[in-house]
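Data first, discussion second: the structure below is written as structure tokens.
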There are 2 protein chains.
Amino acid sequence: MAQQVDTARRAPLTRDLVLRAAVELADGTGIDALSMRKLAQALGVVPMALYKHVTNKEELLDGMLDVVVGEIDPPAAGEDWQRAVRQRILSARRALLRHPWASRVLESRTAPTPVVLAYLDSMMGMFRAGGFSVDLTHHVMHAMGSRIMGFSQELFGAPAAGGQDAAQDVDPETARQLAARLPYITEITTRVAHDDASVVGSGCDDQFEFEFSLDLLLDGFERLRREGWTSR
Amino acid sequence: MAQQVDTARRAPLTRDLVLRAAVELADGTGIDALSMRKLAQALGVVPMALYKHVTNKEELLDGMLDVVVGEIDPPAAGEDWQRAVRQRILSARRALLRHPWASRVLESRTAPTPVVLAYLDSMMGMFRAGGFSVDLTHHVMHAMGSRIMGFSQELFGAPAAGGQDAAQDVDPETARQLAARLPYITEITTRVAHDDASVVGSGCDDQFEFEFSLDLLLDGFERLRREGWTSR
DNA sequence: ACCTGAACACCGTTCAAGT
DNA sequence: ACCTGAACACCGTTCAAGT
């Protein structure tokens, strides 16, 4: 009876509920605003109650990433390795883009969770099934780096963004000085601005850049595989 | 006279002195231990005194990165583009490795400083001098990502590390279960362990992996350049 | 005018006191 | 035995009071 009153007053907290609430909070207000105290408040619970379900904040972040990784599609069957890997990585990218905080949190982790390990393992399996040696699969996974999770860790979103921002809301004289000091950045930002009015914001099409370098790498891998490349 | 007493009591603080002390502190005790309060203490100064030379902690971190970027060698003259870019990036890597906190801080920045912009600009100039079109130079810079600063943003240092760590200090039965659940990671870690006893620690040679993927990218770039690749 | 101590508004986590 | 409020040991930064 007393138990019934308790559960009526508030749905019992579970680890899953905590993680889902944390993901939702981070999606909505950003990862910087996610604190144990704020999360507890969002759940209508005292901060200490969270420590029943996660031992500390690190484990909370790990759990949140597991939620995101769980959204990645399984490998497609009946495709050649390159198309299958490409599709899966683009699925991972969609999951990462749905949760803008995820890539930054992923970067901050020092050890993978079992869920992430399982994802990496299945990705390795896709290369092995495609005829890659153990040796080449190993190095190929390193070369993919964070791209295997669907993000490219570019510098500042886009290297050109700073130059462009600086160039456009500045008087002509300062713009000329900037162009003299940073001729190549200016050259590119000018070209990008002329090129394609459909791309807004930074002036760079992130998805295009991601696929450009992804395909460059995958083509390189295929070439090494065909040549029977070995590290020794 | 009063001034002389002041300077005798303590060398006057400059922005440069603050930045150098911050770099030294981060090198010694790690970036997590670097707080405005601790830095002030290391300089024998009250925390508020730092705010004379940097407007906030973000600007301090930016300044620290500028110190690191200042350690990167200028472009070598008289080399073909690929050798010159390769050498310079490996120089950047040496600078980054000297300051283990730098890559993580770099990832956390949202806008490049003028010093970083100048470095990126000169790197673009190396591609342009090597016969790359504005268009291709643009996409090539994106594809390089953080590699242009000399680090590769691998996942957890090495994807295999977790599997290997877990596999080696565990009883045979658990190891067998792990091998069944993560067959491809196990396959690679086993191979790496047999392969080369000279590599210690994680079992992966970070420098080899960095150069492997760097050369894969540079070779891909050269191929596109020769073929007169264009995005439209 | 300059400098700085105390204070503000937060953290993640510990721990002892209360039910 | 369980739960939780207060407290601890920090943050970056503001601001008013003192010299």
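Lettering and numbering for the structure tokens are positional, with chains as A, B, ... in the shown order, residues counted from 1 in each chain, and ligands counted from 1 in the shown order.
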Inset, instruction - Within 6 Å of chain A, which residues of chain B are there when counting only C-alpha atoms? Please give them as number ranges by chain. - result: B: 110-111, 121, 143, 145-146, 154-156, 182, 184-185, 213
How would the residues just chosen look if you wrote them out with N, CA and C atoms as a short mmCIF file (atom, residue, chain, number, x, y, z; two decimals), in the first residue's frame?
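Output file out08.cif is given in full below:
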```cif
data_model
loop_
_atom_site.label_atom_id
_atom_site.label_comp_id
_atom_site.auth_asym_id
_atom_site.auth_seq_id
_atom_site.Cartn_x
_atom_site.Cartn_y
_atom_site.Cartn_z
N THR B 110 35.92 26.97 -30.87
CA THR B 110 34.90 27.13 -31.90
C THR B 110 35.35 28.07 -33.01
N ALA B 111 36.32 28.94 -32.72
CA ALA B 111 36.84 29.86 -33.73
C ALA B 111 38.36 29.87 -33.67
N ASP B 121 46.35 29.20 -43.61
CA ASP B 121 46.53 29.90 -44.88
C ASP B 121 47.83 29.47 -45.56
N ALA B 143 39.25 17.63 -45.96
CA ALA B 143 39.54 16.20 -45.79
C ALA B 143 40.68 15.98 -44.80
N GLY B 145 41.24 17.79 -42.15
CA GLY B 145 40.68 17.95 -40.82
C GLY B 145 41.76 18.24 -39.78
N SER B 146 41.65 17.57 -38.64
CA SER B 146 42.60 17.84 -37.56
C SER B 146 44.01 17.35 -37.89
N GLU B 154 41.81 9.87 -33.18
CA GLU B 154 41.37 8.49 -33.21
C GLU B 154 40.39 8.27 -32.08
N LEU B 155 39.66 7.21 -32.18
CA LEU B 155 38.69 6.91 -31.12
C LEU B 155 39.41 6.23 -29.97
N PHE B 156 39.40 6.86 -28.80
CA PHE B 156 39.97 6.26 -27.60
C PHE B 156 41.43 5.91 -27.77
N LEU B 182 33.35 -10.43 -29.56
CA LEU B 182 34.08 -9.43 -30.35
C LEU B 182 35.15 -10.12 -31.19
N TYR B 184 36.34 -9.89 -34.24
CA TYR B 184 37.26 -9.18 -35.12
C TYR B 184 38.26 -8.34 -34.34
N ILE B 185 37.79 -7.75 -33.24
CA ILE B 185 38.72 -7.03 -32.37
C ILE B 185 39.74 -8.01 -31.80
N SER B 213 47.71 6.84 -42.66
CA SER B 213 46.51 7.52 -43.17
C SER B 213 46.86 8.86 -43.80
#
```
Determine, for each residue of chain B having at least one atom at most 10 Å from an atom of chain C, the closest pair of atoms and their separation in Å to one decimal, counting only C-alpha atoms (C1' of nucleotides); order by chain and ascending number, as CSV.
```
residue,atom,partner,partner_atom,distance
B:Val46,CA,C:DT4,C1',7.5
B:Pro47,CA,C:DT4,C1',9.2
B:Met48,CA,C:DT4,C1',7.4
B:Ala49,CA,C:DC3,C1',8.4
```
